[in-house]
file input.cif (mmCIF, C-alpha atoms and all ligand atoms)
data_input
loop_
_atom_site.label_atom_id
_atom_site.label_comp_id
_atom_site.auth_asym_id
_atom_site.auth_seq_id
_atom_site.Cartn_x
_atom_site.Cartn_y
_atom_site.Cartn_z
CA MET R 1 98.75 100.42 116.65
CA ARG R 2 100.75 97.42 115.58
CA SER R 3 99.56 96.06 112.25
CA ILE R 4 99.47 98.28 109.16
CA VAL R 5 98.25 97.42 105.64
CA ILE R 6 99.12 99.89 102.89
CA LEU R 7 97.58 99.83 99.41
CA THR R 8 99.15 101.88 96.62
CA GLY R 9 97.92 102.74 93.15
CA ALA R 10 99.18 104.55 90.07
CA GLY R 11 99.10 107.91 91.85
CA ILE R 12 102.22 107.09 93.89
CA SER R 13 104.21 106.58 90.66
CA ARG R 14 102.83 109.68 88.91
CA GLU R 15 105.63 111.99 90.14
CA SER R 16 108.15 109.46 88.90
CA GLY R 17 106.84 110.10 85.38
CA LEU R 18 104.51 107.10 84.92
CA ALA R 19 100.97 107.89 83.76
CA THR R 20 97.98 106.95 85.87
CA PHE R 21 94.98 105.22 84.29
CA ARG R 22 91.93 107.42 84.87
CA ASP R 23 93.32 110.95 85.01
CA ALA R 24 92.61 113.14 82.00
CA ASP R 25 96.05 112.26 80.56
CA GLY R 26 95.80 108.67 81.79
CA ILE R 27 96.43 105.42 79.96
CA TRP R 28 92.72 104.61 79.49
CA ALA R 29 92.22 107.97 77.81
CA LYS R 30 94.53 106.78 75.02
CA VAL R 31 93.74 103.08 74.62
CA ARG R 32 90.71 100.91 75.46
CA ILE R 33 90.90 98.33 78.25
CA GLU R 34 89.04 95.89 75.98
CA ASP R 35 91.77 96.15 73.35
CA VAL R 36 94.85 95.57 75.54
CA ALA R 37 94.02 94.45 79.08
CA THR R 38 91.76 91.36 78.87
CA PRO R 39 92.43 87.68 78.07
CA GLU R 40 90.08 88.03 75.10
CA ALA R 41 92.18 90.89 73.71
CA PHE R 42 95.31 88.73 74.02
CA ARG R 43 93.68 85.82 72.21
CA ALA R 44 92.34 88.11 69.47
CA ASP R 45 95.53 90.11 68.86
CA PRO R 46 98.54 89.01 70.94
CA ALA R 47 100.92 91.30 69.05
CA ARG R 48 98.84 94.38 69.97
CA VAL R 49 98.69 93.41 73.64
CA GLN R 50 102.40 92.55 73.71
CA GLY R 51 103.11 95.90 72.02
CA PHE R 52 101.16 97.79 74.69
CA TYR R 53 103.12 96.20 77.52
CA ASN R 54 106.45 96.29 75.64
CA ALA R 55 106.11 100.09 75.35
CA ARG R 56 105.33 100.45 79.08
CA ARG R 57 108.23 98.11 79.97
CA ARG R 58 110.64 100.13 77.86
CA GLN R 59 109.47 103.32 79.55
CA LEU R 60 109.85 101.82 83.02
CA LEU R 61 113.43 100.77 82.18
CA ASP R 62 114.30 104.29 80.98
CA VAL R 63 116.85 105.90 83.34
CA ALA R 64 114.51 108.93 83.58
CA ILE R 65 112.01 106.86 85.55
CA GLN R 66 113.10 106.69 89.18
CA PRO R 67 111.35 106.10 92.52
CA ASN R 68 110.13 109.27 94.21
CA ALA R 69 110.00 110.47 97.83
CA GLY R 70 106.69 108.66 98.33
CA HIS R 71 108.22 105.28 97.42
CA ARG R 72 111.28 106.02 99.57
CA ALA R 73 109.14 106.97 102.59
CA LEU R 74 107.30 103.64 102.45
CA ALA R 75 110.64 101.80 102.27
CA ARG R 76 111.74 103.74 105.38
CA LEU R 77 108.49 102.78 107.12
CA GLU R 78 109.18 99.10 106.36
CA ARG R 79 112.65 99.45 107.92
CA GLU R 80 111.60 101.39 111.01
CA TRP R 81 108.04 100.34 111.87
CA PRO R 82 108.17 98.09 115.02
CA GLY R 83 104.97 96.19 114.21
CA ASP R 84 103.64 94.30 111.17
CA LEU R 85 103.54 96.08 107.81
CA MET R 86 102.09 94.78 104.55
CA LEU R 87 102.61 96.80 101.36
CA VAL R 88 100.14 95.83 98.63
CA THR R 89 100.37 97.57 95.29
CA GLN R 90 98.07 97.60 92.27
CA ASN R 91 101.04 98.91 90.29
CA ILE R 92 103.04 96.69 87.96
CA ASP R 93 106.13 98.90 88.10
CA ASP R 94 109.12 98.04 90.33
CA LEU R 95 109.53 101.48 91.88
CA HIS R 96 108.67 100.31 95.42
CA GLU R 97 111.44 97.70 95.20
CA ARG R 98 113.91 100.14 93.66
CA ALA R 99 113.16 102.55 96.54
CA GLY R 100 114.14 99.80 99.00
CA SER R 101 110.86 98.09 99.93
CA ARG R 102 111.70 94.40 100.34
CA HIS R 103 108.23 92.86 100.75
CA VAL R 104 105.82 94.09 98.09
CA LEU R 105 102.68 92.20 97.05
CA HIS R 106 101.89 93.02 93.42
CA MET R 107 98.22 92.06 93.30
CA HIS R 108 97.98 93.02 89.59
CA GLY R 109 101.28 91.40 88.64
CA GLU R 110 104.62 92.82 87.49
CA LEU R 111 105.63 94.39 84.17
CA LEU R 112 109.20 93.03 84.46
CA LYS R 113 108.00 89.41 84.60
CA ALA R 114 106.49 87.09 81.99
CA ARG R 115 104.52 83.87 82.35
CA CYS R 116 104.56 80.93 79.96
CA THR R 117 101.00 79.99 78.99
CA ALA R 118 102.19 76.45 78.27
CA CYS R 119 104.08 75.50 81.45
CA GLY R 120 103.15 78.36 83.81
CA ARG R 121 106.79 79.29 84.53
CA VAL R 122 107.26 82.93 85.60
CA VAL R 123 110.51 84.55 84.49
CA PRO R 124 112.08 88.01 84.69
CA VAL R 125 111.82 89.94 81.43
CA ALA R 126 113.58 93.14 80.43
CA GLU R 127 113.19 92.99 76.66
CA ASP R 128 110.16 93.05 74.35
CA LEU R 129 107.96 89.96 74.45
CA THR R 130 107.51 88.62 70.91
CA PRO R 131 106.02 85.45 69.36
CA GLU R 132 109.58 84.33 68.56
CA LEU R 133 110.66 84.18 72.25
CA VAL R 134 111.11 80.62 73.53
CA CYS R 135 110.22 79.60 77.09
CA ALA R 136 113.38 78.36 78.85
CA GLY R 137 111.23 76.00 80.89
CA CYS R 138 109.42 74.06 78.17
CA ASP R 139 111.00 75.26 74.90
CA SER R 140 107.62 76.48 73.62
CA ALA R 141 107.79 79.49 71.29
CA GLY R 142 105.38 82.39 71.47
CA THR R 143 103.82 81.33 74.78
CA LEU R 144 105.24 84.09 76.99
CA ARG R 145 102.66 86.67 78.15
CA PRO R 146 103.07 89.62 80.53
CA GLN R 147 102.78 88.46 84.19
CA VAL R 148 100.06 91.08 84.55
CA VAL R 149 96.53 90.46 85.87
CA TRP R 150 94.01 91.46 83.21
CA PHE R 151 90.39 92.47 83.75
CA GLY R 152 88.39 89.29 84.32
CA GLU R 153 91.38 87.50 85.90
CA MET R 154 91.92 86.84 89.61
CA PRO R 155 94.31 89.24 91.37
CA LEU R 156 97.33 87.65 93.06
CA HIS R 157 98.01 87.14 96.81
CA MET R 158 94.36 87.63 97.82
CA PRO R 159 94.28 85.11 100.74
CA GLU R 160 97.37 86.74 102.29
CA ILE R 161 95.95 90.24 101.77
CA GLU R 162 92.54 89.37 103.22
CA ALA R 163 94.16 87.77 106.27
CA ALA R 164 96.22 90.92 106.90
CA LEU R 165 93.18 93.21 106.49
CA ALA R 166 91.27 91.11 109.06
CA GLN R 167 94.03 91.83 111.59
CA ALA R 168 94.84 95.43 110.62
CA ASP R 169 94.90 98.29 113.12
CA LEU R 170 95.56 100.81 110.35
CA PHE R 171 94.76 100.74 106.62
CA VAL R 172 96.28 103.39 104.37
CA SER R 173 95.23 103.85 100.74
CA ILE R 174 97.66 105.89 98.63
CA GLY R 175 97.27 107.14 95.05
CA THR R 176 94.32 105.06 93.91
CA SER R 177 90.95 106.15 92.53
CA GLY R 178 89.08 103.29 94.20
CA ASN R 179 87.51 102.24 90.92
CA VAL R 180 88.70 98.64 90.61
CA TYR R 181 87.74 95.74 92.85
CA PRO R 182 88.80 93.84 94.90
CA ALA R 183 91.34 96.57 95.86
CA ALA R 184 88.58 99.19 96.11
CA GLY R 185 86.87 97.00 98.72
CA PHE R 186 89.87 96.78 101.06
CA VAL R 187 88.83 99.87 103.03
CA ALA R 188 85.47 98.25 103.89
CA ASP R 189 87.26 95.03 104.92
CA ALA R 190 89.59 97.04 107.15
CA ARG R 191 86.69 98.95 108.74
CA ARG R 192 84.94 95.68 109.53
CA ALA R 193 88.11 94.58 111.31
CA GLY R 194 87.99 97.74 113.41
CA ALA R 195 91.01 99.36 111.74
CA ARG R 196 91.55 103.08 111.41
CA THR R 197 91.39 103.98 107.72
CA ILE R 198 93.29 106.81 106.01
CA GLU R 199 93.35 107.98 102.38
CA LEU R 200 96.31 109.86 100.90
CA ASN R 201 95.45 110.96 97.36
CA LEU R 202 95.51 113.91 94.98
CA GLU R 203 91.72 114.14 95.26
CA PRO R 204 88.87 112.25 96.97
CA SER R 205 88.59 108.70 95.59
CA GLU R 206 85.38 106.80 94.85
CA GLY R 207 85.51 105.38 98.38
CA ALA R 208 86.48 108.63 100.13
CA SER R 209 83.46 108.57 102.48
CA LEU R 210 84.63 105.25 103.96
CA PHE R 211 87.88 106.67 105.34
CA ASP R 212 88.26 107.98 108.90
CA GLU R 213 90.85 110.51 107.76
CA ALA R 214 92.06 111.89 104.43
CA ARG R 215 94.95 114.04 103.28
CA TYR R 216 94.88 115.39 99.72
CA GLY R 217 97.89 116.41 97.69
CA PRO R 218 100.80 114.87 95.76
CA ALA R 219 102.09 111.58 97.19
CA GLY R 220 105.69 112.79 96.98
CA THR R 221 104.85 115.35 99.64
CA LEU R 222 102.06 113.66 101.61
CA VAL R 223 103.65 110.23 102.14
CA PRO R 224 106.95 111.36 103.69
CA ALA R 225 105.06 113.66 106.09
CA PHE R 226 102.64 110.85 106.93
CA VAL R 227 105.46 108.39 107.62
CA ASP R 228 107.15 111.00 109.85
CA ASP R 229 103.90 111.33 111.85
CA LEU R 230 103.50 107.57 112.09
CA LEU R 231 107.07 106.92 113.26
CA ARG R 232 106.93 109.84 115.68
CA GLY R 233 103.86 108.25 117.22
CA ASP R 234 101.78 111.35 116.65
CA ARG R 235 98.77 110.41 118.77
CA THR R 236 96.47 112.91 117.05
CA GLY R 237 97.16 111.69 113.56
CA PRO R 238 97.43 108.28 111.98
CA THR R 239 98.51 106.49 115.16
CA ALA R 240 95.36 107.49 117.03
CA ALA R 241 93.60 104.44 118.46
CA PRO R 242 91.83 102.13 115.99
CA ARG R 243 88.18 103.07 115.57
CA ARG R 244 87.09 100.46 118.04
CA ALA R 245 88.57 97.64 120.06
CA ARG R 246 88.48 94.42 118.01
CA GLY R 247 85.56 92.22 119.03
CA ASP R 248 83.50 95.22 120.10
CA SER R 249 80.01 94.58 118.73
CA ARG R 250 78.92 98.26 118.68
CA PRO R 251 78.27 99.58 115.14
CA GLY R 252 81.33 101.26 113.56
N1 LIG R 301 99.87 111.87 94.14
C1 LIG R 301 98.84 111.19 94.70
N2 LIG R 301 97.76 110.76 94.00
C2 LIG R 301 97.75 111.04 92.67
C3 LIG R 301 98.78 111.75 92.03
C4 LIG R 301 99.89 112.17 92.83
N3 LIG R 301 100.91 112.85 92.29
N4 LIG R 301 98.45 111.87 90.71
C5 LIG R 301 97.27 111.25 90.55
N5 LIG R 301 96.83 110.77 91.72
C6 LIG R 301 95.60 110.03 92.01
C7 LIG R 301 94.44 110.35 91.11
O1 LIG R 301 93.71 111.44 91.64
C8 LIG R 301 93.63 109.05 91.15
O2 LIG R 301 92.69 109.08 92.22
O3 LIG R 301 95.89 108.66 91.79
C9 LIG R 301 94.67 107.98 91.43
C10 LIG R 301 94.97 107.10 90.24
O4 LIG R 301 93.79 106.41 89.92
P1 LIG R 301 93.79 105.43 88.65
O5 LIG R 301 94.37 106.14 87.48
O6 LIG R 301 92.42 104.87 88.56
O7 LIG R 301 94.83 104.28 89.04
P2 LIG R 301 94.58 103.09 90.05
O8 LIG R 301 93.60 103.47 91.12
O9 LIG R 301 95.91 102.60 90.49
O10 LIG R 301 93.90 101.97 89.09
C11 LIG R 301 93.64 100.70 89.67
O11 LIG R 301 92.92 99.89 87.52
O12 LIG R 301 93.26 99.93 85.26
C12 LIG R 301 93.43 99.18 86.39
O13 LIG R 301 95.05 97.52 86.74
C13 LIG R 301 94.88 98.89 86.64
O14 LIG R 301 96.04 98.79 88.77
C14 LIG R 301 95.16 99.58 87.97
C15 LIG R 301 93.78 99.65 88.61
#

call {"tool": "encode", "arguments": {"input": "input.cif", "output": "structure tokens"}}
result
Amino acid sequence: MRSIVILTGAGISRESGLATFRDADGIWAKVRIEDVATPEAFRADPARVQGFYNARRRQLLDVAIQPNAGHRALARLEREWPGDLMLVTQNIDDLHERAGSRHVLHMHGELLKARCTACGRVVPVAEDLTPELVCAGCDSAGTLRPQVVWFGEMPLHMPEIEAALAQADLFVSIGTSGNVYPAAGFVADARRAGARTIELNLEPSEGASLFDEARYGPAGTLVPAFVDDLLRGDRTGPTAAPRRARGDSRPG
């Protein structure tokens, strides 16, 4: 058990006070994806899209929003795990980093960054994005958009993620409903590589049947216990042998 790939979703930030997307009180219950999270929406009404992300950025920067025990446990795992560990998140918040994780792949981008649509420069942003803001790279005004991957756009870091999944011994999915691809397909990629697959979530996700093992409950409780098991080398739990030796042609 050397190489681990972890995927997180909105569920790991729920106990920090950030809404998920598809729960009853989720973001998509209050606003339509088509209105705020597509390139077409941005072209049609940039102020509305900027307003949607400005509100979420302000909330994220509120002192009340802090990493939780789930984020901190994954940072501990990064520090103490002797093998390879890749942390991929669908989340655009910075709670993994603020909990101490140093290598986080944000496949859907980052709320605290902006990208200039004129020169492509990506810059940190902590204030509202408005049409008046000027890009420090090319002096264009009104060209800064959230560095967030919208529906219909290509997620970031995919070659690196796919290479890690092809070598994984263990794939752990935490706090995601398994509704959005390509992230929802990672468990199948990991299985094909012969990895053991584990889901930690409040409830079974769309892809629940594809996981070798599942633990259901709040991430703030599940993830620290899971990391304890992993680091203790608990042979019955997550560190049990991968489903099959790599290269074994028998069906999974
Ligand atoms: N602990 C663990 N899991 C939780 C918790 C919690 N405290 N609270 C909710 N969950 C689970 C829900 O049961 C759900 O399965 O987290 C999951 C959140 O699912 P979504 O709201 O669909 O969020 P996510 O899977 O991250 O969405 C993926 O969709 O809208 C796009 O770009 C957006 O990155 C997002 C992507």

call {"tool": "residues_around", "arguments": {"input": "input.cif", "residues": "Asp189 in chain R", "least_positions_apart": "4", "cutoff": "8 Å", "atoms": "all atoms listed in the file", "output": "list in words"}}
result
Glu162, Leu165, Ala166, Gly185 and Ala193 of chain R

call {"tool": "closest_atom_pairs", "arguments": {"input": "input.cif", "of": "chain R", "to": "ligand LIG 301 (chain R)", "cutoff": "7 Å", "atoms": "all atoms listed in the file", "output": "tab-separated table"}}
result
residue	atom	partner	partner_atom	distance
R:Thr8	CA	R:LIG301	O9	7.0
R:Gly9	CA	R:LIG301	O9	3.3
R:Ala10	CA	R:LIG301	O9	3.8
R:Gly11	CA	R:LIG301	O3	3.3
R:Ile12	CA	R:LIG301	N1	5.3
R:Arg14	CA	R:LIG301	N3	5.0
R:Glu15	CA	R:LIG301	N3	5.3
R:Thr20	CA	R:LIG301	O5	4.0
R:Phe21	CA	R:LIG301	O5	3.4
R:Arg22	CA	R:LIG301	O5	3.8
R:Asp23	CA	R:LIG301	O5	5.5
R:Gly26	CA	R:LIG301	O5	6.4
R:Gln90	CA	R:LIG301	O14	4.2
R:Asn91	CA	R:LIG301	O14	5.2
R:His108	CA	R:LIG301	O13	6.1
R:Ile174	CA	R:LIG301	C1	6.7
R:Gly175	CA	R:LIG301	N2	3.8
R:Thr176	CA	R:LIG301	O8	3.3
R:Ser177	CA	R:LIG301	O2	3.4
R:Gly178	CA	R:LIG301	O8	5.5
R:Asn179	CA	R:LIG301	O6	6.0
R:Val180	CA	R:LIG301	O11	5.4
R:Leu200	CA	R:LIG301	C1	6.8
R:Asn201	CA	R:LIG301	N2	4.1
R:Leu202	CA	R:LIG301	N2	4.0
R:Glu203	CA	R:LIG301	O1	4.9
R:Pro204	CA	R:LIG301	O2	6.9
R:Ser205	CA	R:LIG301	O2	5.3
R:Gly217	CA	R:LIG301	C1	6.1
R:Pro218	CA	R:LIG301	N1	3.5
R:Ala219	CA	R:LIG301	N1	3.8
R:Gly220	CA	R:LIG301	N1	6.5

call {"tool": "closest_residue", "arguments": {"input": "input.cif", "among": "R:Ala55, R:Val36, R:Leu60, R:Ile4", "to": "Leu18 in chain R", "atoms": "all atoms listed in the file"}}
result
R:Leu60

call {"tool": "atom_distance", "arguments": {"input": "input.cif", "atom1": "CA of Arg2 in chain R", "atom2": "CA of Ala168 in chain R"}}
result
8.0 Å

call {"tool": "residues_around", "arguments": {"input": "input.cif", "residues": "Leu112 in chain R", "least_positions_apart": "5", "cutoff": "7 Å", "atoms": "all atoms listed in the file", "output": "NGL selection string"}}
result
:R and (57 or 124-126)

call {"tool": "closest_residue", "arguments": {"input": "input.cif", "among": "R:Leu85, R:Val123, R:Leu133, R:Leu210", "to": "Thr197 in chain R", "atoms": "all atoms listed in the file"}}
result
R:Leu210

call {"tool": "atom_distance", "arguments": {"input": "input.cif", "atom1": "CA of Pro131 in chain R", "atom2": "CA of Ile33 in chain R"}}
result
21.8 Å

call {"tool": "residues_near_point", "arguments": {"input": "input.cif", "point": "(91.1, 89.6, 82.8)", "cutoff": "7 Å", "atoms": "all atoms listed in the file", "output": "PyMOL selection string"}}
result
chain R and resi 37-39+149-153

call {"tool": "atom_distance", "arguments": {"input": "input.cif", "atom1": "CA of Ala141 in chain R", "atom2": "CA of Tyr53 in chain R"}}
result
18.4 Å

call {"tool": "residues_around", "arguments": {"input": "input.cif", "residues": "Trp81 in chain R", "least_positions_apart": "3", "cutoff": "12 Å", "atoms": "all atoms listed in the file", "output": "number ranges by chain"}}
result
R: 1-5, 73-78, 84-86, 227-233, 239

call {"tool": "closest_residue", "arguments": {"input": "input.cif", "among": "R:Ala47, R:Leu156, R:Leu95, R:Ala24", "to": "Gly109 in chain R", "atoms": "all atoms listed in the file"}}
result
R:Leu156

call {"tool": "closest_residue", "arguments": {"input": "input.cif", "among": "R:Arg43, R:Arg98, R:Val104, R:Glu80", "to": "Glu160 in chain R", "atoms": "all atoms listed in the file"}}
result
R:Val104

call {"tool": "closest_residue", "arguments": {"input": "input.cif", "among": "R:Gly51, R:Gly207, R:Gly83, R:Gly17", "to": "Ala188 in chain R", "atoms": "only C-alpha atoms"}}
result
R:Gly207

call {"tool": "closest_residue", "arguments": {"input": "input.cif", "among": "R:Asp62, R:Glu206, R:Glu213, R:Asp169", "to": "Gly194 in chain R", "atoms": "all atoms listed in the file"}}
result
R:Asp169

call {"tool": "residues_near_point", "arguments": {"input": "input.cif", "point": "(113.8, 107.9, 90.2)", "cutoff": "10 Å", "atoms": "only C-alpha atoms", "output": "short mmCIF file (atom, residue, chain, number, x, y, z; two decimals) with C-alpha atoms, keeping the file's coordinate frame"}}
result
data_model
loop_
_atom_site.label_atom_id
_atom_site.label_comp_id
_atom_site.auth_asym_id
_atom_site.auth_seq_id
_atom_site.Cartn_x
_atom_site.Cartn_y
_atom_site.Cartn_z
CA SER R 13 104.21 106.58 90.66
CA GLU R 15 105.63 111.99 90.14
CA SER R 16 108.15 109.46 88.90
CA GLY R 17 106.84 110.10 85.38
CA ASP R 62 114.30 104.29 80.98
CA VAL R 63 116.85 105.90 83.34
CA ALA R 64 114.51 108.93 83.58
CA ILE R 65 112.01 106.86 85.55
CA GLN R 66 113.10 106.69 89.18
CA PRO R 67 111.35 106.10 92.52
CA ASN R 68 110.13 109.27 94.21
CA ALA R 69 110.00 110.47 97.83
CA HIS R 71 108.22 105.28 97.42
CA ARG R 72 111.28 106.02 99.57
CA LEU R 95 109.53 101.48 91.88
CA ARG R 98 113.91 100.14 93.66
CA ALA R 99 113.16 102.55 96.54
#

call {"tool": "decode", "arguments": {"input": "input.cif", "residues": "range 180-190 of chain R", "atoms": "all heavy atoms", "output": "short mmCIF file (atom, residue, chain, number, x, y, z; two decimals), in the first residue's frame"}}
result
data_model
loop_
_atom_site.label_atom_id
_atom_site.label_comp_id
_atom_site.auth_asym_id
_atom_site.auth_seq_id
_atom_site.Cartn_x
_atom_site.Cartn_y
_atom_site.Cartn_z
N VAL R 180 -20.67 14.54 -10.99
CA VAL R 180 -20.03 15.35 -12.03
C VAL R 180 -18.77 14.67 -12.53
O VAL R 180 -17.89 14.34 -11.74
CB VAL R 180 -19.71 16.75 -11.49
CG1 VAL R 180 -18.95 17.58 -12.51
CG2 VAL R 180 -21.02 17.46 -11.12
N TYR R 181 -18.71 14.48 -13.85
CA TYR R 181 -17.51 13.90 -14.46
C TYR R 181 -16.56 15.02 -14.87
O TYR R 181 -17.01 16.16 -15.07
CB TYR R 181 -17.94 13.07 -15.68
CG TYR R 181 -18.59 11.75 -15.24
CD1 TYR R 181 -19.92 11.72 -14.84
CD2 TYR R 181 -17.83 10.59 -15.17
CE1 TYR R 181 -20.50 10.53 -14.40
CE2 TYR R 181 -18.42 9.39 -14.72
CZ TYR R 181 -19.74 9.38 -14.33
OH TYR R 181 -20.31 8.20 -13.88
N PRO R 182 -15.26 14.73 -15.00
CA PRO R 182 -14.60 13.43 -14.89
C PRO R 182 -14.36 12.93 -13.47
O PRO R 182 -14.03 11.76 -13.29
CB PRO R 182 -13.27 13.65 -15.61
CG PRO R 182 -12.99 15.10 -15.42
CD PRO R 182 -14.31 15.78 -15.44
N ALA R 183 -14.55 13.75 -12.44
CA ALA R 183 -14.25 13.29 -11.06
C ALA R 183 -15.04 12.03 -10.71
O ALA R 183 -14.50 11.11 -10.09
CB ALA R 183 -14.55 14.40 -10.07
N ALA R 184 -16.29 11.96 -11.15
CA ALA R 184 -17.13 10.82 -10.78
C ALA R 184 -16.62 9.52 -11.42
O ALA R 184 -16.97 8.43 -10.98
CB ALA R 184 -18.57 11.07 -11.22
N GLY R 185 -15.76 9.66 -12.42
CA GLY R 185 -15.22 8.46 -13.08
C GLY R 185 -13.91 7.97 -12.48
O GLY R 185 -13.36 6.93 -12.87
N PHE R 186 -13.36 8.72 -11.51
CA PHE R 186 -12.05 8.35 -10.96
C PHE R 186 -12.08 6.98 -10.29
O PHE R 186 -11.10 6.23 -10.35
CB PHE R 186 -11.57 9.41 -9.96
CG PHE R 186 -11.18 10.73 -10.56
CD1 PHE R 186 -10.82 11.80 -9.76
CD2 PHE R 186 -11.16 10.92 -11.94
CE1 PHE R 186 -10.46 13.03 -10.30
CE2 PHE R 186 -10.81 12.14 -12.50
CZ PHE R 186 -10.46 13.20 -11.68
N VAL R 187 -13.19 6.64 -9.65
CA VAL R 187 -13.25 5.35 -8.95
C VAL R 187 -13.12 4.20 -9.96
O VAL R 187 -12.40 3.22 -9.71
CB VAL R 187 -14.54 5.21 -8.11
CG1 VAL R 187 -15.79 5.38 -8.94
CG2 VAL R 187 -14.55 3.91 -7.34
N ALA R 188 -13.73 4.34 -11.12
CA ALA R 188 -13.62 3.28 -12.15
C ALA R 188 -12.18 3.21 -12.67
O ALA R 188 -11.62 2.12 -12.86
CB ALA R 188 -14.59 3.57 -13.29
N ASP R 189 -11.54 4.37 -12.85
CA ASP R 189 -10.13 4.39 -13.29
C ASP R 189 -9.25 3.68 -12.26
O ASP R 189 -8.38 2.88 -12.60
CB ASP R 189 -9.63 5.84 -13.44
CG ASP R 189 -10.39 6.62 -14.51
OD1 ASP R 189 -11.01 5.98 -15.39
OD2 ASP R 189 -10.40 7.87 -14.43
N ALA R 190 -9.52 3.95 -10.99
CA ALA R 190 -8.70 3.35 -9.92
C ALA R 190 -8.91 1.84 -9.87
O ALA R 190 -7.96 1.06 -9.73
CB ALA R 190 -9.06 3.98 -8.59
#
